[in-house]
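Dumped protein.txt below, it's compact mmCIF, C-alpha atoms:
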```
# COMPACT_ATOMS: atom_id res chain seq x y z
CA MET A 1 20.25 34.31 6.38
CA SER A 2 17.74 34.71 9.17
CA ASN A 3 15.76 31.71 10.37
CA PHE A 4 12.60 33.07 8.81
CA LYS A 5 14.30 33.37 5.44
CA LEU A 6 15.55 29.80 5.82
CA LEU A 7 11.97 28.71 6.33
CA LYS A 8 10.57 30.80 3.48
CA ALA A 9 13.14 30.37 0.73
CA PRO A 10 12.24 26.74 -0.13
CA PHE A 11 8.67 27.78 -0.88
CA ASN A 12 9.62 29.78 -3.90
CA MET A 13 13.11 30.80 -4.96
CA GLU A 14 14.82 27.68 -3.59
CA ASN A 15 12.04 25.16 -3.93
CA PRO A 16 13.48 21.65 -3.80
CA ILE A 17 11.28 20.31 -6.58
CA THR A 18 10.81 23.14 -9.04
CA VAL A 19 14.14 24.94 -8.64
CA GLN A 20 16.59 22.36 -7.29
CA VAL A 21 14.74 19.59 -9.19
CA LEU A 22 15.17 17.05 -6.37
CA GLY A 23 12.70 14.43 -5.19
CA ILE A 24 10.88 14.25 -8.53
CA CYS A 25 10.41 10.48 -8.40
CA SER A 26 8.16 10.48 -5.36
CA ALA A 27 6.41 13.63 -6.59
CA LEU A 28 5.25 11.69 -9.64
CA ALA A 29 4.24 8.61 -7.70
CA VAL A 30 2.24 9.77 -4.70
CA THR A 31 0.30 12.70 -6.16
CA VAL A 32 -2.78 10.90 -7.46
CA GLN A 33 -4.77 11.91 -4.37
CA ILE A 34 -4.34 14.68 -1.84
CA LYS A 35 -4.38 12.59 1.32
CA PRO A 36 -1.37 10.39 0.56
CA ALA A 37 0.43 13.47 -0.80
CA ILE A 38 -0.04 15.28 2.51
CA VAL A 39 1.07 12.30 4.56
CA MET A 40 4.12 11.91 2.32
CA ALA A 41 4.90 15.63 2.64
CA LEU A 42 4.66 15.47 6.44
CA SER A 43 6.79 12.34 6.56
CA VAL A 44 9.49 13.95 4.45
CA THR A 45 9.32 17.14 6.55
CA VAL A 46 9.77 15.19 9.78
CA VAL A 47 12.67 13.23 8.36
CA THR A 48 14.48 16.25 6.84
CA ALA A 49 14.00 18.35 9.98
CA PHE A 50 15.24 15.72 12.42
CA SER A 51 18.03 14.36 10.25
CA ASN A 52 19.26 17.96 9.78
CA LEU A 53 19.04 18.50 13.54
CA ILE A 54 20.86 15.31 14.47
CA ILE A 55 23.59 15.62 11.84
CA SER A 56 24.13 19.28 12.67
CA ALA A 57 24.46 18.47 16.38
CA LEU A 58 26.98 15.74 15.57
CA ARG A 59 28.74 17.63 12.78
CA ASN A 60 31.99 18.26 14.67
CA THR A 61 32.30 14.66 15.78
CA ILE A 62 31.56 13.02 12.43
CA PRO A 63 34.76 11.81 10.74
CA GLY A 64 34.85 13.23 7.20
CA ARG A 65 35.75 9.90 5.65
CA ILE A 66 32.55 8.19 6.80
CA ARG A 67 30.21 11.19 6.87
CA ILE A 68 27.95 9.94 4.06
CA ILE A 69 27.53 6.62 5.85
CA VAL A 70 26.68 8.39 9.11
CA GLN A 71 24.14 10.57 7.29
CA LEU A 72 22.56 7.56 5.66
CA VAL A 73 22.30 5.65 8.93
CA VAL A 74 20.53 8.60 10.55
CA ILE A 75 18.15 9.05 7.61
CA ALA A 76 17.43 5.33 7.35
CA ALA A 77 16.70 5.04 11.07
CA LEU A 78 14.30 8.01 10.96
CA VAL A 79 12.53 6.70 7.86
CA ILE A 80 12.02 3.29 9.46
CA ILE A 81 10.55 4.95 12.55
CA VAL A 82 8.19 7.05 10.41
CA ASP A 83 7.19 3.98 8.40
CA GLN A 84 6.41 2.03 11.57
CA LEU A 85 4.35 4.92 12.94
CA LEU A 86 2.35 5.17 9.72
CA LYS A 87 1.68 1.42 9.76
CA ALA A 88 0.43 1.71 13.31
CA TYR A 89 -1.69 4.84 13.07
CA VAL A 90 -2.70 5.45 9.42
CA TYR A 91 -2.67 1.93 8.02
CA ASP A 92 -4.71 2.63 4.88
CA VAL A 93 -2.51 5.56 3.87
CA SER A 94 0.65 3.61 4.57
CA LYS A 95 -0.59 0.91 2.22
CA LYS A 96 -1.15 3.47 -0.52
CA LEU A 97 2.30 4.97 -0.03
CA SER A 98 3.75 1.43 0.04
CA VAL A 99 7.39 1.50 -1.01
CA PHE A 100 7.60 5.27 -1.29
CA VAL A 101 7.99 5.80 2.44
CA GLY A 102 10.98 3.47 2.40
CA LEU A 103 12.27 5.34 -0.62
CA ILE A 104 12.42 8.61 1.35
CA ILE A 105 15.86 7.27 2.28
CA THR A 106 17.00 7.83 -1.28
CA ASN A 107 15.19 11.16 -1.67
CA CYS A 108 17.88 13.54 -2.88
CA ILE A 109 16.44 16.43 -0.84
CA LEU A 110 17.58 14.78 2.38
CA MET A 111 21.19 14.10 1.47
CA GLY A 112 21.31 17.42 -0.34
CA ARG A 113 20.28 19.40 2.74
CA LEU A 114 22.56 17.43 5.04
CA GLU A 115 25.61 17.94 2.86
CA ALA A 116 24.87 21.52 1.86
CA PHE A 117 23.50 22.87 5.11
CA ALA A 118 23.50 20.73 8.25
CA MET A 119 27.21 19.82 8.03
CA ALA A 120 28.14 23.51 8.17
CA ASN A 121 25.49 25.14 10.37
CA LYS A 122 24.26 25.11 13.93
CA PRO A 123 21.44 22.71 14.96
CA TRP A 124 18.57 25.22 15.22
CA PRO A 125 19.00 26.87 11.79
CA SER A 126 19.48 23.37 10.34
CA PHE A 127 16.23 22.21 11.90
CA VAL A 128 14.41 25.21 10.43
CA ASP A 129 16.04 24.60 7.06
CA GLY A 130 14.82 21.01 7.17
CA ILE A 131 11.26 22.06 7.95
CA GLY A 132 11.34 24.69 5.19
CA ASN A 133 12.58 22.25 2.58
CA GLY A 134 10.18 19.53 3.64
CA LEU A 135 7.24 21.92 3.43
CA GLY A 136 8.47 23.42 0.16
CA TYR A 137 8.51 19.89 -1.26
CA GLY A 138 5.11 19.24 0.29
CA LEU A 139 3.63 22.40 -1.22
CA ILE A 140 4.37 21.24 -4.76
CA LEU A 141 3.14 17.73 -3.92
CA VAL A 142 -0.18 19.04 -2.66
CA ILE A 143 -0.66 21.41 -5.62
CA VAL A 144 0.02 18.61 -8.09
CA ALA A 145 -2.19 16.19 -6.14
CA PHE A 146 -5.01 18.74 -6.02
CA ILE A 147 -4.94 19.21 -9.79
CA ARG A 148 -4.64 15.48 -10.51
CA GLU A 149 -7.37 14.44 -8.07
CA LEU A 150 -9.74 17.15 -9.31
CA LEU A 151 -9.31 16.42 -13.00
CA GLY A 152 -8.59 12.71 -12.73
CA SER A 153 -11.22 11.59 -10.23
CA GLY A 154 -13.42 14.70 -9.87
CA SER A 155 -12.91 14.71 -6.12
CA PHE A 156 -11.22 16.62 -3.32
CA PHE A 157 -9.89 14.68 -0.32
CA GLY A 158 -11.83 11.67 -1.60
CA HIS A 159 -15.15 13.55 -1.69
CA ARG A 160 -16.80 13.98 -5.06
CA ILE A 161 -17.08 17.68 -5.85
CA ILE A 162 -17.88 17.71 -9.56
CA PRO A 163 -21.69 17.76 -9.61
CA GLN A 164 -23.64 14.94 -11.24
CA TRP A 165 -25.36 17.22 -13.76
CA LEU A 166 -22.00 18.01 -15.27
CA TYR A 167 -21.40 14.30 -15.86
CA ASP A 168 -24.91 14.01 -17.27
CA ALA A 169 -24.08 16.85 -19.62
CA GLY A 170 -21.20 14.79 -21.01
CA TYR A 171 -18.25 15.74 -18.79
CA MET A 172 -15.78 12.93 -18.13
CA ASP A 173 -12.94 12.51 -15.66
CA ASN A 174 -9.61 12.53 -17.44
CA GLY A 175 -8.14 9.08 -16.84
CA LEU A 176 -4.75 10.26 -18.09
CA MET A 177 -4.43 12.57 -15.07
CA ILE A 178 -4.13 9.52 -12.82
CA LEU A 179 -1.12 8.18 -14.71
CA PRO A 180 2.44 9.34 -13.87
CA PRO A 181 3.14 11.16 -17.18
CA MET A 182 0.54 13.81 -16.32
CA ALA A 183 2.26 14.41 -12.99
CA LEU A 184 5.43 15.21 -14.89
CA ILE A 185 3.55 17.55 -17.22
CA THR A 186 1.81 19.22 -14.25
CA ILE A 187 5.13 19.78 -12.48
CA GLY A 188 6.59 21.07 -15.75
CA THR A 189 3.74 23.55 -16.02
CA ILE A 190 4.32 24.73 -12.43
CA ILE A 191 8.04 25.22 -13.18
CA TRP A 192 7.14 27.19 -16.30
CA LEU A 193 4.70 29.44 -14.42
CA GLN A 194 7.18 29.99 -11.61
CA ARG A 195 9.99 30.92 -13.98
CA SER A 196 7.87 33.25 -16.03
CA LYS A 197 7.05 35.14 -12.80
CA ASN A 198 10.59 35.08 -11.40
CA ARG A 199 12.91 36.01 -14.21
CA ASP A 200 15.94 35.49 -11.90
CA LEU A 201 15.39 31.75 -12.07
CA ILE A 202 15.91 31.60 -15.82
CA GLU A 203 19.40 30.40 -16.69
CA LYS A 204 21.27 32.58 -19.13
CA MET B 1 41.99 14.36 11.33
CA PHE B 2 40.25 11.52 13.12
CA SER B 3 42.19 8.34 13.85
CA ASN B 4 41.13 4.98 12.51
CA ARG B 5 40.45 3.90 16.07
CA TYR B 6 38.05 6.80 16.56
CA ILE B 7 36.24 6.07 13.31
CA PHE B 8 35.90 2.42 14.25
CA ILE B 9 34.51 3.14 17.71
CA TYR B 10 32.30 5.93 16.37
CA SER B 11 30.64 3.79 13.74
CA SER B 12 30.21 0.75 15.98
CA SER B 13 28.56 2.68 18.78
CA MET B 14 26.36 4.55 16.29
CA VAL B 15 25.11 1.28 14.81
CA VAL B 16 24.40 -0.20 18.23
CA LEU B 17 22.49 2.90 19.36
CA VAL B 18 20.39 3.00 16.19
CA ALA B 19 19.65 -0.70 16.49
CA ILE B 20 18.42 -0.26 20.06
CA ALA B 21 16.23 2.69 19.10
CA LEU B 22 14.66 0.82 16.19
CA THR B 23 14.04 -2.27 18.29
CA ILE B 24 12.21 -0.24 20.91
CA VAL B 25 10.01 1.44 18.28
CA ALA B 26 9.22 -1.86 16.56
CA VAL B 27 8.31 -3.61 19.80
CA LEU B 28 6.14 -0.75 21.05
CA LEU B 29 4.17 -0.41 17.82
CA LYS B 30 3.78 -4.10 17.04
CA PRO B 31 0.44 -4.69 18.83
CA LYS B 32 -1.15 -1.75 17.03
CA GLN B 33 0.16 -2.90 13.63
CA GLN B 34 -1.05 -6.44 14.16
CA TYR B 35 -4.45 -5.12 15.12
CA ASN B 36 -4.56 -3.17 11.83
CA GLN B 37 -3.73 -6.33 9.90
CA ARG B 38 -6.49 -8.26 11.68
CA VAL B 39 -9.00 -5.53 10.86
CA GLU B 40 -7.91 -5.58 7.23
CA LYS B 41 -8.42 -9.34 7.14
CA MET B 42 -11.93 -8.93 8.56
CA GLN B 43 -12.71 -6.27 5.94
CA ASN B 44 -11.48 -8.57 3.18
CA ILE B 45 -13.59 -11.49 4.41
CA LEU B 46 -16.66 -9.24 4.66
CA ILE B 47 -16.19 -7.75 1.22
CA SER B 48 -16.27 -11.24 -0.34
CA VAL B 49 -19.94 -11.39 0.73
CA HIS B 50 -20.52 -7.79 -0.41
CA ILE B 51 -20.53 -6.24 3.07
CA GLU B 52 -18.72 -2.90 2.99
CA SER B 53 -16.95 -1.97 6.20
CA THR B 54 -14.56 0.68 7.43
CA ALA B 55 -11.59 0.18 9.73
CA LYS B 56 -13.77 1.43 12.58
CA ASN B 57 -16.81 -0.84 12.25
CA ALA B 58 -15.13 -3.90 10.70
CA GLU B 59 -14.77 -5.71 14.02
CA ASP B 60 -18.43 -5.21 14.98
CA LEU B 61 -19.72 -6.18 11.55
CA PHE B 62 -17.47 -9.21 11.52
CA LYS B 63 -18.87 -10.37 14.85
CA LYS B 64 -22.39 -9.72 13.65
CA TYR B 65 -22.26 -11.52 10.31
CA ILE B 66 -19.60 -14.19 10.63
CA GLY B 67 -21.45 -16.34 13.13
CA GLU B 68 -19.31 -19.43 12.85
CA SER B 69 -15.80 -20.22 11.75
CA LEU B 70 -14.17 -23.60 11.69
CA VAL B 71 -11.10 -25.43 10.46
CA VAL B 72 -11.37 -28.60 8.42
CA ASP B 73 -8.85 -31.04 6.93
CA ASP B 74 -8.72 -32.35 3.38
CA MET B 75 -10.87 -35.34 4.33
CA GLY B 76 -13.64 -32.98 5.38
CA ASN B 77 -13.39 -33.56 9.13
CA VAL B 78 -13.68 -30.58 11.43
CA LYS B 79 -10.49 -29.97 13.41
CA ASP B 80 -10.73 -28.86 17.00
CA GLY B 81 -8.37 -26.55 18.78
CA VAL B 82 -7.40 -24.38 15.81
CA LYS B 83 -8.85 -20.90 15.38
CA ALA B 84 -9.88 -20.31 11.79
CA PHE B 85 -9.11 -16.60 11.91
CA ASP B 86 -5.52 -17.20 13.02
CA VAL B 87 -4.70 -19.68 10.26
CA GLU B 88 -2.16 -18.21 7.82
CA MET B 89 -2.52 -19.65 4.33
CA GLN B 90 1.10 -18.74 3.67
CA VAL B 91 2.14 -21.29 6.30
CA GLU B 92 -0.50 -23.89 5.40
CA ASN B 93 0.47 -24.00 1.72
CA LYS B 94 3.95 -25.21 2.69
CA LYS B 95 2.57 -28.19 4.61
CA LYS B 96 1.61 -31.55 3.11
CA PRO B 97 -2.00 -31.56 1.86
CA GLU B 98 -3.19 -33.95 4.57
CA GLU B 99 -1.71 -31.79 7.35
CA ARG B 100 -3.15 -28.47 6.21
CA ASN B 101 -5.61 -26.49 8.27
CA LEU B 102 -8.39 -25.26 6.00
CA PRO B 103 -10.43 -22.39 7.45
CA VAL B 104 -14.10 -21.89 6.63
CA PHE B 105 -16.05 -18.80 7.67
CA VAL B 106 -19.81 -19.07 7.75
CA CYS B 107 -21.70 -15.84 7.19
CA THR B 108 -25.40 -15.23 7.71
CA ASN B 109 -26.60 -12.00 6.16
CA ASP B 110 -29.56 -9.81 7.06
CA ASN B 111 -31.91 -11.85 4.87
CA GLY B 112 -30.95 -15.05 6.64
CA GLN B 113 -28.97 -16.34 3.66
CA LYS B 114 -25.99 -18.48 4.54
CA PHE B 115 -22.62 -18.13 2.82
CA TYR B 116 -19.42 -20.13 3.17
CA ILE B 117 -16.20 -18.15 2.80
CA VAL B 118 -12.85 -19.81 2.19
CA PRO B 119 -9.40 -18.26 1.80
CA VAL B 120 -7.20 -18.90 -1.24
CA ARG B 121 -3.54 -18.13 -1.80
CA GLY B 122 -1.21 -18.65 -4.74
CA LYS B 123 1.47 -17.15 -6.94
CA GLY B 124 1.14 -14.20 -9.31
CA LEU B 125 3.87 -12.90 -11.59
CA TRP B 126 5.98 -10.96 -9.07
CA GLY B 127 4.83 -12.28 -5.74
CA PRO B 128 2.03 -13.91 -3.81
CA ILE B 129 -1.65 -13.33 -4.60
CA TRP B 130 -4.45 -14.21 -2.21
CA GLY B 131 -8.11 -13.72 -1.63
CA TYR B 132 -11.41 -14.96 -0.27
CA VAL B 133 -14.13 -16.77 -2.18
CA SER B 134 -17.66 -16.97 -0.82
CA PHE B 135 -20.16 -19.66 -1.82
CA ARG B 136 -23.92 -19.76 -1.62
CA GLU B 137 -25.60 -22.51 0.36
CA ASP B 138 -25.33 -25.04 -2.47
CA LEU B 139 -21.53 -24.81 -2.05
CA ASN B 140 -21.25 -24.64 -5.80
CA THR B 141 -22.25 -21.15 -6.84
CA ILE B 142 -19.87 -18.28 -6.07
CA GLU B 143 -21.43 -15.36 -4.25
CA GLY B 144 -18.42 -13.06 -4.38
CA THR B 145 -14.64 -12.85 -4.43
CA GLN B 146 -12.00 -10.59 -3.06
CA PHE B 147 -8.44 -10.78 -4.38
CA GLY B 148 -5.28 -9.09 -3.21
CA HIS B 149 -1.68 -9.11 -4.35
CA LYS B 150 1.71 -8.09 -3.10
CA GLY B 151 3.14 -6.37 -6.15
CA GLU B 152 1.53 -7.26 -9.47
CA THR B 153 2.03 -4.78 -12.31
CA PRO B 154 -0.27 -1.75 -11.89
CA GLY B 155 -2.76 -1.55 -14.73
CA LEU B 156 -2.11 -5.16 -15.77
CA GLY B 157 -1.90 -7.97 -13.20
CA ALA B 158 -2.90 -5.63 -10.39
CA GLU B 159 -6.35 -5.40 -11.97
CA ILE B 160 -7.30 -8.61 -10.14
CA ASN B 161 -8.33 -6.56 -7.14
CA THR B 162 -10.69 -4.28 -9.09
CA PRO B 163 -14.47 -4.74 -8.83
CA LYS B 164 -14.60 -5.09 -12.62
CA PHE B 165 -12.59 -8.29 -12.51
CA GLN B 166 -13.96 -9.65 -9.25
CA ASP B 167 -17.62 -9.15 -10.17
CA GLN B 168 -17.22 -11.58 -13.06
CA PHE B 169 -17.06 -14.44 -10.57
CA VAL B 170 -20.50 -13.83 -9.13
CA SER B 171 -22.89 -16.73 -9.96
CA LYS B 172 -20.17 -18.86 -11.54
CA LYS B 173 -20.13 -22.54 -10.55
CA ILE B 174 -17.23 -24.73 -9.48
CA LEU B 175 -18.95 -28.05 -10.20
CA LYS B 176 -19.94 -29.68 -13.48
CA GLU B 177 -23.50 -30.84 -14.04
CA ASP B 178 -22.58 -34.34 -12.81
CA GLY B 179 -21.03 -32.92 -9.63
CA ASP B 180 -17.35 -33.21 -10.53
CA PHE B 181 -15.02 -30.41 -9.48
CA VAL B 182 -13.89 -28.16 -12.35
CA SER B 183 -13.05 -24.86 -10.61
CA ILE B 184 -13.19 -21.60 -12.54
CA SER B 185 -10.93 -21.03 -15.52
CA VAL B 186 -9.60 -17.60 -16.39
CA VAL B 187 -9.88 -17.51 -20.15
CA LYS B 188 -7.64 -15.42 -22.37
CA GLY B 189 -9.67 -13.63 -25.01
CA GLY B 190 -12.86 -13.80 -23.01
CA THR B 191 -15.67 -16.23 -22.52
CA PRO B 192 -19.42 -15.83 -23.02
CA ASP B 193 -21.52 -14.92 -19.99
CA SER B 194 -23.31 -18.24 -20.37
CA ASP B 195 -20.07 -20.07 -19.48
CA GLU B 196 -20.61 -21.13 -15.90
CA HIS B 197 -17.02 -22.13 -15.26
CA GLY B 198 -15.00 -19.34 -16.82
CA VAL B 199 -14.23 -15.64 -16.59
CA ASP B 200 -12.38 -13.24 -18.86
CA ALA B 201 -8.63 -12.95 -18.20
CA ILE B 202 -6.83 -9.63 -17.91
CA SER B 203 -5.21 -8.37 -21.11
CA GLY B 204 -1.49 -8.00 -20.50
CA GLY B 205 -1.78 -9.86 -17.22
CA THR B 206 -1.57 -13.40 -18.57
CA ILE B 207 0.76 -14.81 -15.93
CA THR B 208 -1.21 -13.25 -13.08
CA SER B 209 -4.43 -14.60 -14.63
CA LYS B 210 -2.94 -18.07 -14.94
CA GLY B 211 -1.67 -17.86 -11.37
CA LEU B 212 -5.11 -16.89 -10.16
CA GLU B 213 -6.67 -19.78 -12.03
CA ALA B 214 -4.18 -22.22 -10.47
CA MET B 215 -4.76 -20.67 -7.04
CA LEU B 216 -8.52 -21.22 -7.29
CA ARG B 217 -8.13 -24.76 -8.60
CA ASP B 218 -5.58 -25.87 -6.00
CA CYS B 219 -7.11 -24.20 -2.97
CA LEU B 220 -10.78 -24.92 -3.67
CA LYS B 221 -10.01 -28.55 -4.52
CA GLU B 222 -8.91 -29.18 -0.95
CA TYR B 223 -12.36 -28.30 0.28
CA THR B 224 -14.07 -30.84 -2.00
CA ALA B 225 -14.47 -33.44 0.74
CA TYR B 226 -15.83 -30.98 3.29
CA PHE B 227 -18.22 -29.40 0.79
CA LYS B 228 -19.51 -32.83 -0.25
CA LYS B 229 -20.17 -33.65 3.38
CA ILE B 230 -22.32 -30.67 4.20
CA ARG B 231 -24.01 -30.35 0.80
CA LYS B 232 -27.45 -31.85 1.03
```

As structure tokens:
Amino acid sequence: MSNFKLLKAPFNMENPITVQVLGICSALAVTVQIKPAIVMALSVTVVTAFSNLIISALRNTIPGRIRIIVQLVVIAALVIIVDQLLKAYVYDVSKKLSVFVGLIITNCILMGRLEAFAMANKPWPSFVDGIGNGLGYGLILVIVAFIRELLGSGSFFGHRIIPQWLYDAGYMDNGLMILPPMALITIGTIIWLQRSKNRDLIEK
Amino acid sequence: MFSNRYIFIYSSSMVVLVAIALTIVAVLLKPKQQYNQRVEKMQNILISVHIESTAKNAEDLFKKYIGESLVVDDMGNVKDGVKAFDVEMQVENKKKPEERNLPVFVCTNDNGQKFYIVPVRGKGLWGPIWGYVSFREDLNTIEGTQFGHKGETPGLGAEINTPKFQDQFVSKKILKEDGDFVSISVVKGGTPDSDEHGVDAISGGTITSKGLEAMLRDCLKEYTAYFKKIRK
């Protein structure tokens, strides 16, 4: 596959959330508002890209028997660095993301890409693959967060966009959208739409 | 195949390298992170007297409104040489009552009204809870509260940091008619608005509510002597 295809595939046909069904836990938790969702998406992208790069560069020196441990050490170190950076530069967002930044370590997308791709490919394609998968994950996060913030709080990026006259006319924000079950239903709807457009994705 | 020796050396050197890298990052970013925590503390103190601030203007607003801050002991004497802002309640609560440093922040708002803000800290269900309580000049009536928590259950105990819960404390009194200390009780099942010493507990958050009640009672009690002294 060319590098461009590596970058593009995770957006649709190989999307980590909707097709590979990885990283669902954080997708439910941090999609109440768009801003934390974007920060989370960028954090995951940085970690997947660099862990792919590092593991791919080391792949011929990593002893097979301890490869999972080596992968985890690399991921954990990167996640801690990202967490520290967030605490230093976007403190309010890092408080909202709370434990979920730390939990990037256990995000299945990371280990999945390292095992399936970085251990068998050169550093540059691995780096691109990491970016692609991180952004593919981020895309779904942002779509879900957009829908939930719009319907749940009537706002976009924290700014109120549903006009007051609509509220006066009896419109109400849907409190259920803020709760995790609606994130699951939203993701389910996205998977349904995607599969009805791409028949190849439907299992026989 | 890699030898055991190789694996051993490989993993040890990897761990050492990662440790060095993480140490460097942590040390470099520490000043910035501590600054963020200080700003958050200022914002929390300000919000207890209903002054909204952002991370950017918190420091200026804090300087403008919090004219005076002091540390007192449980006998009501002012302690010299301790900065009120740097006192950590987490540390103080472990000390013996007579050794504790008790910070007081004095705020003067735009209308010239004077408020006394004191920190409180206690135990919730899952971890620590904390907050700031501000008093009007009579040192009896609560002007506002701000509560925070480490990890109370979202939707239940975590509701203590919502305006809905915190606003209940406004205008409540910590002293009985005859001047004895009663604190504020958090009442399960609700309490009429006319009750000067009670607020409605959180449904499903009984242990957090009880913890908050104990926190207010224990922490505010220590200020009794100081409050008596400056109350006219």

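If you look at atom CA of Ser69 of chain B and atom CA of Tyr91 of chain A, they are 26.0 Å away from each other.
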
Select residues of chain B: the criterion is any atom within 7 Å of an atom of chain A, counting only C-alpha atoms; output as a compact mmCIF listing (two decimals) with C-alpha atoms, in the coordinates of the input.
```txt
# COMPACT_ATOMS: atom_id res chain seq x y z
CA PHE B 2 40.25 11.52 13.12
CA ILE B 7 36.24 6.07 13.31
CA VAL B 18 20.39 3.00 16.19
CA LEU B 22 14.66 0.82 16.19
CA VAL B 25 10.01 1.44 18.28
CA ALA B 26 9.22 -1.86 16.56
CA LEU B 29 4.17 -0.41 17.82
CA LYS B 32 -1.15 -1.75 17.03
CA GLN B 33 0.16 -2.90 13.63
CA ASN B 36 -4.56 -3.17 11.83
```

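Note that atom CA of Ser183 of chain B and atom CA of Ile202 of chain B are 18.0 Å apart.
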
*Which residue, A:Gly102, A:Gly130, A:Pro180, A:Gly170, has the smallest gap to Ala116 of chain A when you use only C-alpha atoms?*
A:Gly130

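Closest approach to Val72 of chain B from the set B:Gln90, B:Asn101, B:Thr206, B:Asn57 is made by B:Asn101, with distances taken over all atoms listed in the file.
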
_If I take atom CA of Val32 of chain A and atom CA of Pro181 of chain A, how far is one from the other in Å, to one decimal?_
11.4 Å

*Test item: residues at most 8 Å from Leu201 of chain A, only C-alpha atoms, excluding those fewer than 2 positions along its chain, as a ChimeraX atom specification*: /A:13,19,195,198-199,203

*Lys210 of chain B: which residues within 10 Å, counting all atoms listed in the file, same-chain residues fewer than 6 positions away excluded, as an NGL selection string?*
:B and (123-125 or 185-188 or 201-202 or 216)

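Counting only C-alpha atoms and comparing A:Phe117, A:Phe127, A:Phe100, A:Trp165, the residue that lies closest to Leu53 of chain A is A:Phe127.
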
*Could you tell me, as a PyMOL selection string, which residues have any atom at most 8 Å from (-4.6, 12.2, -10.2), counting all atoms listed in the file?*
chain A and resi 31-33+145-153+177-179+183
